[in-house]
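Data block for start.cif (mmCIF, C-alpha atoms and all ligand atoms):
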data_work
loop_
_atom_site.label_atom_id
_atom_site.label_comp_id
_atom_site.auth_asym_id
_atom_site.auth_seq_id
_atom_site.Cartn_x
_atom_site.Cartn_y
_atom_site.Cartn_z
CA MET A 21 0.00 0.00 0.00
CA MET A 22 1.16 3.53 -0.78
CA GLN A 23 2.58 5.34 2.25
CA PHE A 24 0.58 8.23 3.75
CA ASP A 25 -2.67 7.14 2.10
CA MET A 26 -5.55 8.74 4.04
CA THR A 27 -8.41 7.37 1.94
CA GLY A 28 -11.42 6.62 4.13
CA ARG A 29 -10.25 8.83 7.01
CA ARG A 30 -12.43 11.70 8.22
CA ALA A 31 -10.60 14.75 9.59
CA LEU A 32 -11.41 18.09 11.21
CA VAL A 33 -8.72 20.77 11.18
CA THR A 34 -9.74 23.71 13.34
CA GLY A 35 -8.79 27.15 12.01
CA SER A 36 -8.26 25.88 8.48
CA THR A 37 -9.41 28.82 6.37
CA GLN A 38 -5.84 30.16 6.21
CA GLY A 39 -2.25 29.65 7.31
CA ILE A 40 -1.01 26.42 8.86
CA GLY A 41 -4.49 24.89 9.29
CA TYR A 42 -5.29 25.46 5.62
CA ALA A 43 -2.06 23.77 4.53
CA ILE A 44 -2.74 20.77 6.80
CA ALA A 45 -6.34 20.39 5.58
CA LYS A 46 -5.28 20.62 1.95
CA CYS A 47 -2.47 18.12 2.44
CA PHE A 48 -4.84 15.62 4.10
CA ALA A 49 -7.33 16.03 1.21
CA GLU A 50 -4.53 15.52 -1.31
CA HIS A 51 -3.82 12.22 0.43
CA GLY A 52 -7.45 11.12 0.15
CA ALA A 53 -9.03 12.17 3.46
CA GLU A 54 -12.50 13.65 3.83
CA VAL A 55 -11.90 17.00 5.50
CA TYR A 56 -13.80 19.64 7.47
CA ILE A 57 -12.64 23.23 6.95
CA HIS A 58 -13.35 25.31 10.04
CA CYS A 59 -13.26 28.95 11.19
CA SER A 60 -14.91 31.05 13.88
CA ALA A 61 -17.84 32.72 12.13
CA ASP A 62 -17.58 33.25 8.35
CA LYS A 63 -19.17 30.04 7.03
CA GLU A 64 -19.15 31.40 3.47
CA LYS A 65 -15.38 31.84 3.60
CA ALA A 66 -14.98 28.29 4.93
CA GLN A 67 -17.27 27.02 2.15
CA ARG A 68 -15.22 28.84 -0.52
CA ILE A 69 -12.02 27.22 0.80
CA ALA A 70 -13.75 23.81 0.99
CA ASP A 71 -14.95 24.12 -2.62
CA GLU A 72 -11.49 25.18 -3.77
CA ILE A 73 -9.79 22.18 -2.11
CA HIS A 74 -12.48 19.82 -3.38
CA GLY A 75 -11.89 21.19 -6.89
CA GLN A 76 -8.17 20.50 -6.60
CA THR A 77 -8.33 17.09 -4.95
CA GLY A 78 -11.72 15.58 -5.79
CA THR A 79 -12.21 14.42 -2.19
CA ALA A 80 -15.18 15.38 -0.01
CA VAL A 81 -14.49 18.70 1.76
CA HIS A 82 -17.03 20.35 4.08
CA ALA A 83 -17.27 23.71 5.82
CA VAL A 84 -18.23 24.54 9.40
CA ALA A 85 -18.06 27.74 11.44
CA VAL A 86 -18.08 27.64 15.26
CA ASP A 87 -16.37 30.08 17.61
CA LEU A 88 -14.09 27.99 19.84
CA GLY A 89 -14.50 30.58 22.58
CA ASP A 90 -18.12 29.42 23.01
CA ILE A 91 -18.66 27.00 25.87
CA ASP A 92 -20.62 24.56 23.67
CA ALA A 93 -18.22 24.72 20.69
CA ALA A 94 -17.15 21.05 20.80
CA GLU A 95 -20.73 19.83 21.04
CA ARG A 96 -21.80 21.96 18.06
CA LEU A 97 -18.82 20.86 16.01
CA HIS A 98 -19.57 17.21 16.78
CA LYS A 99 -23.17 17.72 15.67
CA ALA A 100 -21.89 19.12 12.37
CA THR A 101 -19.17 16.58 11.63
CA GLY A 102 -20.26 13.35 13.30
CA GLU A 103 -17.48 10.98 14.38
CA LEU A 104 -13.93 11.56 13.16
CA ASP A 105 -10.72 9.60 12.72
CA ILE A 106 -8.44 12.63 12.88
CA LEU A 107 -8.71 15.79 14.98
CA VAL A 108 -6.26 18.65 14.53
CA CYS A 109 -6.59 21.38 17.18
CA ASN A 110 -4.88 24.17 15.25
CA ALA A 111 -6.91 27.35 15.81
CA SER A 112 -5.62 29.79 18.38
CA VAL A 113 -5.76 33.43 19.39
CA GLN A 114 -2.95 35.58 20.69
CA PHE A 115 -2.80 39.11 22.07
CA ARG A 116 0.39 41.16 22.32
CA ARG A 117 0.60 42.86 25.68
CA SER A 118 2.97 43.24 28.59
CA TRP A 119 2.45 40.54 31.29
CA ASP A 120 1.48 43.11 33.94
CA GLU A 121 -1.27 44.65 31.80
CA ILE A 122 -3.15 41.55 30.63
CA PRO A 123 -6.88 42.14 31.12
CA LEU A 124 -9.16 39.31 32.25
CA ASP A 125 -11.06 39.14 28.97
CA GLU A 126 -7.87 38.61 26.95
CA TYR A 127 -6.68 35.98 29.45
CA GLU A 128 -9.99 34.15 29.16
CA THR A 129 -10.19 34.27 25.37
CA GLN A 130 -6.69 32.87 24.94
CA MET A 131 -7.15 30.12 27.54
CA ASN A 132 -10.65 29.22 26.30
CA VAL A 133 -9.81 29.02 22.59
CA ASN A 134 -6.28 27.63 22.84
CA PHE A 135 -6.70 25.25 25.79
CA ARG A 136 -10.27 24.67 26.95
CA ALA A 137 -11.69 24.14 23.47
CA SER A 138 -8.90 21.69 22.61
CA MET A 139 -9.61 19.74 25.80
CA ASN A 140 -13.36 19.70 25.07
CA LEU A 141 -12.73 18.59 21.46
CA MET A 142 -10.56 15.72 22.69
CA GLN A 143 -13.21 14.75 25.26
CA THR A 144 -15.83 14.78 22.51
CA TYR A 145 -14.06 12.95 19.69
CA ILE A 146 -11.58 10.56 21.34
CA PRO A 147 -14.09 8.06 22.85
CA GLY A 148 -15.37 7.16 19.36
CA MET A 149 -11.80 6.75 18.10
CA GLN A 150 -11.09 4.41 21.03
CA LYS A 151 -14.18 2.34 20.26
CA ARG A 152 -13.15 1.99 16.62
CA GLY A 153 -9.54 1.24 17.58
CA TRP A 154 -7.91 3.95 15.46
CA GLY A 155 -7.50 7.69 15.85
CA ARG A 156 -5.08 10.57 15.60
CA VAL A 157 -5.12 13.83 17.52
CA LEU A 158 -2.66 16.57 16.72
CA ASN A 159 -2.48 19.64 18.92
CA VAL A 160 -0.64 22.65 17.56
CA GLY A 161 1.69 24.32 20.06
CA SER A 162 4.28 27.05 19.66
CA VAL A 163 8.03 27.41 20.03
CA GLN A 164 7.04 29.99 22.64
CA GLN A 165 6.59 27.01 25.01
CA VAL A 166 10.39 27.07 25.34
CA ARG A 167 11.32 30.45 23.78
CA PRO A 168 8.75 32.83 25.27
CA HIS A 169 7.94 36.19 23.69
CA ALA A 170 7.79 38.92 26.35
CA LYS A 171 4.49 40.26 24.97
CA MET A 172 2.64 36.92 24.81
CA ALA A 173 2.89 35.38 28.28
CA VAL A 174 -0.62 33.92 28.46
CA TYR A 175 -0.50 32.67 24.86
CA ALA A 176 2.71 30.77 25.68
CA ALA A 177 1.20 29.47 28.92
CA SER A 178 -1.90 28.23 27.08
CA LYS A 179 0.34 26.21 24.73
CA CYS A 180 2.35 24.80 27.67
CA ALA A 181 -0.92 23.67 29.26
CA LEU A 182 -1.91 22.01 25.99
CA ALA A 183 1.48 20.27 25.78
CA SER A 184 0.92 18.78 29.23
CA LEU A 185 -2.57 17.60 28.33
CA THR A 186 -1.24 16.08 25.10
CA GLU A 187 1.23 13.91 26.98
CA ASN A 188 -1.20 13.00 29.74
CA ILE A 189 -3.98 11.83 27.42
CA ALA A 190 -1.54 10.16 24.99
CA MET A 191 -0.19 8.00 27.82
CA GLN A 192 -3.68 6.90 28.87
CA ILE A 193 -5.10 5.89 25.50
CA ALA A 194 -2.07 4.61 23.58
CA SER A 195 -3.19 0.98 23.78
CA ASP A 196 -6.50 1.85 22.08
CA GLY A 197 -4.81 2.74 18.78
CA VAL A 198 -5.32 6.47 19.33
CA ASN A 199 -2.22 8.65 19.15
CA VAL A 200 -2.01 12.19 20.52
CA ASN A 201 0.90 14.39 19.51
CA MET A 202 1.93 18.01 19.32
CA LEU A 203 3.22 19.93 16.31
CA VAL A 204 5.30 22.86 17.51
CA PRO A 205 5.86 25.57 14.89
CA GLY A 206 8.53 28.23 15.09
CA VAL A 207 8.12 31.27 12.84
CA ILE A 208 5.87 30.30 9.92
CA VAL A 209 4.73 32.93 7.44
CA THR A 210 0.92 33.15 7.66
CA PRO A 211 -1.68 35.96 7.63
CA ARG A 212 -1.22 36.15 11.42
CA ASN A 213 2.32 37.52 11.26
CA GLU A 214 2.59 38.83 7.69
CA ALA A 215 2.20 42.45 8.78
CA ALA A 216 4.71 42.19 11.64
CA LEU A 217 7.26 40.40 9.43
CA SER A 218 6.94 42.99 6.66
CA ASP A 219 8.75 45.47 8.92
CA PRO A 220 12.40 44.95 7.82
CA GLU A 221 13.86 45.76 11.23
CA TYR A 222 11.54 43.36 13.11
CA ARG A 223 12.03 40.68 10.43
CA ALA A 224 15.82 40.87 10.71
CA LYS A 225 15.59 40.56 14.51
CA VAL A 226 13.31 37.53 14.24
CA LEU A 227 15.43 35.78 11.59
CA ALA A 228 18.56 36.33 13.67
CA GLY A 229 17.04 34.02 16.28
CA ILE A 230 16.44 31.15 13.82
CA PRO A 231 19.45 28.88 13.21
CA SER A 232 18.27 27.93 9.70
CA GLY A 233 18.17 31.65 8.88
CA TYR A 234 14.69 31.81 7.37
CA ALA A 235 11.03 31.63 8.34
CA GLY A 236 9.09 28.46 7.54
CA GLU A 237 6.11 28.00 5.23
CA PRO A 238 2.77 26.38 6.19
CA GLU A 239 3.74 23.37 4.01
CA ASP A 240 6.66 22.66 6.37
CA CYS A 241 4.01 22.04 9.03
CA SER A 242 1.60 20.06 6.85
CA ALA A 243 4.32 17.54 5.96
CA ALA A 244 4.94 16.92 9.67
CA ALA A 245 1.20 16.75 10.36
CA LEU A 246 0.78 14.13 7.64
CA LEU A 247 3.31 11.86 9.33
CA LEU A 248 1.79 12.29 12.79
CA CYS A 249 -1.80 11.71 11.58
CA SER A 250 -1.15 8.80 9.22
CA ASN A 251 -0.94 5.04 9.65
CA GLU A 252 2.82 5.44 9.28
CA GLY A 253 2.91 7.47 12.51
CA ARG A 254 1.49 4.57 14.53
CA TYR A 255 4.45 4.31 16.91
CA ILE A 256 4.66 8.03 17.63
CA THR A 257 2.50 9.23 20.52
CA GLY A 258 2.91 11.82 23.25
CA SER A 259 5.62 13.45 21.12
CA SER A 260 6.32 17.08 20.31
CA LEU A 261 7.65 17.65 16.82
CA TYR A 262 9.29 21.05 16.47
CA VAL A 263 9.05 22.58 12.99
CA ASP A 264 11.12 25.64 13.78
CA GLY A 265 14.41 25.73 11.86
CA GLY A 266 16.14 25.03 15.16
CA MET A 267 14.69 28.08 16.92
CA ARG A 268 14.12 26.18 20.18
CA LEU A 269 17.86 25.46 20.53
N1 LIG B 301 2.40 31.40 12.32
C1 LIG B 301 3.33 31.16 13.21
O1 LIG B 301 4.47 31.65 13.10
C2 LIG B 301 3.05 30.26 14.38
C3 LIG B 301 4.08 30.03 15.28
C4 LIG B 301 3.87 29.20 16.36
C5 LIG B 301 2.63 28.60 16.53
N2 LIG B 301 1.64 28.85 15.64
C6 LIG B 301 0.36 28.19 15.88
O2 LIG B 301 -0.10 27.59 14.69
C7 LIG B 301 -1.52 27.63 14.62
C8 LIG B 301 -1.96 28.27 13.32
O3 LIG B 301 -1.37 29.56 13.23
P1 LIG B 301 -1.53 30.49 11.93
O4 LIG B 301 -0.41 31.46 11.96
O5 LIG B 301 -1.77 29.64 10.75
O6 LIG B 301 -2.90 31.27 12.33
P2 LIG B 301 -3.79 32.31 11.54
O7 LIG B 301 -3.23 32.63 10.19
O8 LIG B 301 -4.06 33.44 12.48
O9 LIG B 301 -5.17 31.49 11.34
C9 LIG B 301 -5.91 31.16 12.47
C10 LIG B 301 -7.09 30.28 12.10
O10 LIG B 301 -7.77 29.97 13.33
C11 LIG B 301 -9.13 30.42 13.27
N3 LIG B 301 -9.58 30.92 14.56
C12 LIG B 301 -9.03 31.93 15.29
N4 LIG B 301 -9.79 32.16 16.38
C13 LIG B 301 -10.80 31.27 16.36
C14 LIG B 301 -11.90 31.01 17.21
N5 LIG B 301 -12.14 31.73 18.31
N6 LIG B 301 -12.77 30.04 16.87
C15 LIG B 301 -12.58 29.32 15.73
N7 LIG B 301 -11.55 29.51 14.89
C16 LIG B 301 -10.69 30.49 15.19
C17 LIG B 301 -9.12 31.51 12.20
O11 LIG B 301 -10.43 31.69 11.68
P3 LIG B 301 -11.19 33.12 11.78
O12 LIG B 301 -10.78 33.86 10.55
O13 LIG B 301 -12.61 32.77 11.83
O14 LIG B 301 -10.72 33.77 13.05
C18 LIG B 301 -8.12 30.97 11.20
O15 LIG B 301 -8.73 30.02 10.36
C19 LIG B 301 -1.97 28.37 15.88
O16 LIG B 301 -2.27 27.45 16.89
C20 LIG B 301 -0.74 29.16 16.28
O17 LIG B 301 -0.74 29.43 17.66
C21 LIG B 301 1.81 29.68 14.58
#

For the file at hand, write its structure as structure tokens.
Ligand SMILES: NC(=O)c1ccc[n+]([C@@H]2O[C@H](COP(=O)([O-])OP(=O)(O)OC[C@H]3O[C@@H](n4cnc5c(N)ncnc54)[C@H](OP(=O)(O)O)[C@@H]3O)[C@@H](O)[C@H]2O)c1
Amino acid sequence: MMQFDMTGRRALVTGSTQGIGYAIAKCFAEHGAEVYIHCSADKEKAQRIADEIHGQTGTAVHAVAVDLGDIDAAERLHKATGELDILVCNASVQFRRSWDEIPLDEYETQMNVNFRASMNLMQTYIPGMQKRGWGRVLNVGSVQQVRPHAKMAVYAASKCALASLTENIAMQIASDGVNVNMLVPGVIVTPRNEAALSDPEYRAKVLAGIPSGYAGEPEDCSAAALLLCSNEGRYITGSSLYVDGGMRL
């Protein structure tokens, strides 16, 4: 059998209308998976992306919009998608602010979207994967777990919390054929940081901290995601795969 064949697998990639999530969803569809494109509110945008990927790959691609900050987000997503084989918790929010000025609402939004929603999604989708004896969960972290940015303390903390949960759950369900891993990007050029990186001074400062000397592309992450969510990744669980050009070092 061809390696990395995802035919027959059903996958949800949260936050897949752009950036890293989009690249992962497209890559899974290219390898035969049925995919759900997701964003917070603009269902039409998600549908446009879904149609575009379907046109390129011929696989079934659906659209769903649910704000992960909502307390019932996982339940509503499950209603829309039904059971899944692959869950990628990719969506996140981040606010730039000094640690001593972080307001409660920004704290809550970052923790709820980045951590709580991921936990609720795992609680919702993993039991079915366990019953069927096969599943893959991929949580997306950040190099800030080990190289914190002074203006994003809670964002980094939310990813550290998710890293801990990834390992804890992975350990408990490994014998059920369900693997839980973390993809940890460094600086990847996406709509999130395009504006900041277009400032030559800031860009030079950021690149100076990356041993490989350049920022990554979303496809660098989708290749890693494909391994971790495929049959071929069966012996990898509870791992963190850094896709960061060595930035963590
Ligand atoms: N880019 C980097 O350099 C980098 C570095 C380290 C880690 N990461 C991590 O990689 C992941 C993807 O980053 P990215 O740069 O590709 O992000 P991005 O370009 O900002 O895209 C974020 C995606 O998440 C969705 N999203 C945001 N808030 C949401 C919410 N409340 N509910 C539902 N969906 C929501 C967005 O949809 P809407 O348009 O609806 O908001 C969008 O589809 C994130 O977890 C990020 O923390 C990125």

Given all atoms listed in the file as the basis, pick out the residue of A:Ala228, A:Gly35, A:Ile193, A:Ala170 nearest to A:Val133.
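Under the stated criterion, the closest residue is A:Gly35.
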
Show me which residues line ligand LIG 301 (chain B), defined as having an atom within 7 Å of a ligand atom where all atoms listed in the file count, and present them as a PDB file with C-alpha atoms, keeping the file's coordinate frame.
ATOM      1  CA  THR A  34      -9.740  23.710  13.340  1.00  0.00           C
ATOM      2  CA  GLY A  35      -8.790  27.150  12.010  1.00  0.00           C
ATOM      3  CA  SER A  36      -8.260  25.880   8.480  1.00  0.00           C
ATOM      4  CA  THR A  37      -9.410  28.820   6.370  1.00  0.00           C
ATOM      5  CA  GLN A  38      -5.840  30.160   6.210  1.00  0.00           C
ATOM      6  CA  GLY A  39      -2.250  29.650   7.310  1.00  0.00           C
ATOM      7  CA  ILE A  40      -1.010  26.420   8.860  1.00  0.00           C
ATOM      8  CA  GLY A  41      -4.490  24.890   9.290  1.00  0.00           C
ATOM      9  CA  HIS A  58     -13.350  25.310  10.040  1.00  0.00           C
ATOM     10  CA  CYS A  59     -13.260  28.950  11.190  1.00  0.00           C
ATOM     11  CA  SER A  60     -14.910  31.050  13.880  1.00  0.00           C
ATOM     12  CA  ALA A  61     -17.840  32.720  12.130  1.00  0.00           C
ATOM     13  CA  ASP A  62     -17.580  33.250   8.350  1.00  0.00           C
ATOM     14  CA  VAL A  86     -18.080  27.640  15.260  1.00  0.00           C
ATOM     15  CA  ASP A  87     -16.370  30.080  17.610  1.00  0.00           C
ATOM     16  CA  LEU A  88     -14.090  27.990  19.840  1.00  0.00           C
ATOM     17  CA  GLY A  89     -14.500  30.580  22.580  1.00  0.00           C
ATOM     18  CA  ASN A 110      -4.880  24.170  15.250  1.00  0.00           C
ATOM     19  CA  ALA A 111      -6.910  27.350  15.810  1.00  0.00           C
ATOM     20  CA  SER A 112      -5.620  29.790  18.380  1.00  0.00           C
ATOM     21  CA  VAL A 113      -5.760  33.430  19.390  1.00  0.00           C
ATOM     22  CA  VAL A 133      -9.810  29.020  22.590  1.00  0.00           C
ATOM     23  CA  VAL A 160      -0.640  22.650  17.560  1.00  0.00           C
ATOM     24  CA  GLY A 161       1.690  24.320  20.060  1.00  0.00           C
ATOM     25  CA  SER A 162       4.280  27.050  19.660  1.00  0.00           C
ATOM     26  CA  VAL A 163       8.030  27.410  20.030  1.00  0.00           C
ATOM     27  CA  VAL A 204       5.300  22.860  17.510  1.00  0.00           C
ATOM     28  CA  PRO A 205       5.860  25.570  14.890  1.00  0.00           C
ATOM     29  CA  GLY A 206       8.530  28.230  15.090  1.00  0.00           C
ATOM     30  CA  VAL A 207       8.120  31.270  12.840  1.00  0.00           C
ATOM     31  CA  ILE A 208       5.870  30.300   9.920  1.00  0.00           C
ATOM     32  CA  VAL A 209       4.730  32.930   7.440  1.00  0.00           C
ATOM     33  CA  THR A 210       0.920  33.150   7.660  1.00  0.00           C
ATOM     34  CA  PRO A 211      -1.680  35.960   7.630  1.00  0.00           C
ATOM     35  CA  ARG A 212      -1.220  36.150  11.420  1.00  0.00           C
ATOM     36  CA  ASN A 213       2.320  37.520  11.260  1.00  0.00           C
TER      37      ASN A 213
END

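Taking atom CA of A:Cys241 and atom CA of A:Gln143 as the two end points, the separation is 24.8 Å.
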
Pick out the closest residue to A:Ile73 from this set: A:Lys99, A:Leu217, A:Asp105, A:Cys47. Count all atoms listed in the file.
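Comparing A:Lys99, A:Leu217, A:Asp105, A:Cys47 against A:Ile73, the winner is A:Cys47.
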
Between atom CA of A:Val198 and atom CA of A:Gly155, what is the distance in Å, rounded to a tenth?
4.3 Å

One number please: atom CA of A:Met139 to atom CA of A:Asn201, in Å, one decimal.
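Interatomic distance here is 13.4 Å.
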
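Within 9 Å of A:Asn132, once only C-alpha atoms are used and residues closer than 2 positions along the same chain are dropped, the contacting residues are Leu88, Gly89, Asp90, Ile91, Tyr127, Glu128, Thr129, Gln130, Asn134, Phe135, Arg136, Ala137, Ser138 and Ser178 of chain A.
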
Could you list, as a PDB file with C-alpha atoms, in the coordinates of the input, every residue within 8 Å of stretch 249-260 of chain A, counting only C-alpha atoms and ignoring same-chain residues fewer than 3 positions away?
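Result written to result07.pdb:
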ATOM      1  CA  GLN A  23       2.580   5.340   2.250  1.00  0.00           C
ATOM      2  CA  PHE A  24       0.580   8.230   3.750  1.00  0.00           C
ATOM      3  CA  ASP A  25      -2.670   7.140   2.100  1.00  0.00           C
ATOM      4  CA  MET A  26      -5.550   8.740   4.040  1.00  0.00           C
ATOM      5  CA  ILE A 106      -8.440  12.630  12.880  1.00  0.00           C
ATOM      6  CA  ARG A 156      -5.080  10.570  15.600  1.00  0.00           C
ATOM      7  CA  VAL A 157      -5.120  13.830  17.520  1.00  0.00           C
ATOM      8  CA  LEU A 158      -2.660  16.570  16.720  1.00  0.00           C
ATOM      9  CA  ALA A 183       1.480  20.270  25.780  1.00  0.00           C
ATOM     10  CA  THR A 186      -1.240  16.080  25.100  1.00  0.00           C
ATOM     11  CA  GLU A 187       1.230  13.910  26.980  1.00  0.00           C
ATOM     12  CA  ASN A 188      -1.200  13.000  29.740  1.00  0.00           C
ATOM     13  CA  ALA A 190      -1.540  10.160  24.990  1.00  0.00           C
ATOM     14  CA  MET A 191      -0.190   8.000  27.820  1.00  0.00           C
ATOM     15  CA  ALA A 194      -2.070   4.610  23.580  1.00  0.00           C
ATOM     16  CA  GLY A 197      -4.810   2.740  18.780  1.00  0.00           C
ATOM     17  CA  ASN A 199      -2.220   8.650  19.150  1.00  0.00           C
ATOM     18  CA  VAL A 200      -2.010  12.190  20.520  1.00  0.00           C
ATOM     19  CA  ASN A 201       0.900  14.390  19.510  1.00  0.00           C
ATOM     20  CA  MET A 202       1.930  18.010  19.320  1.00  0.00           C
ATOM     21  CA  LEU A 203       3.220  19.930  16.310  1.00  0.00           C
ATOM     22  CA  VAL A 204       5.300  22.860  17.510  1.00  0.00           C
ATOM     23  CA  ALA A 245       1.200  16.750  10.360  1.00  0.00           C
ATOM     24  CA  LEU A 246       0.780  14.130   7.640  1.00  0.00           C
TER      25      LEU A 246
END

If we count all atoms listed in the file, what is near stretch 114-125 of chain A at a cut-off of 8 Å, once residues fewer than 5 positions away on the same chain are taken out, given as a list in words?
Gln130, Ala170, Lys171, Met172, Ala173, Val174 and Tyr175 of chain A

Of the listed residues A:Ala53, A:Leu248, A:Val108, A:Leu97, that which approaches A:Val81 most closely, counting only C-alpha atoms:
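Of all the options, A:Ala53 lies closest to A:Val81.
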
Got a sec: who's within 9 Å of A:Gly153, counting only C-alpha atoms, leaving out chain neighbours fewer than 3 positions off, as number ranges by chain?
A: 148-150, 195-198

Just the residues within 8 Å of A:Ala70, please, counting all atoms listed in the file, with nothing from its chain fewer than 2 positions along; format it as a ChimeraX atom specification.
/A:56-57,66-68,72-74,81-83
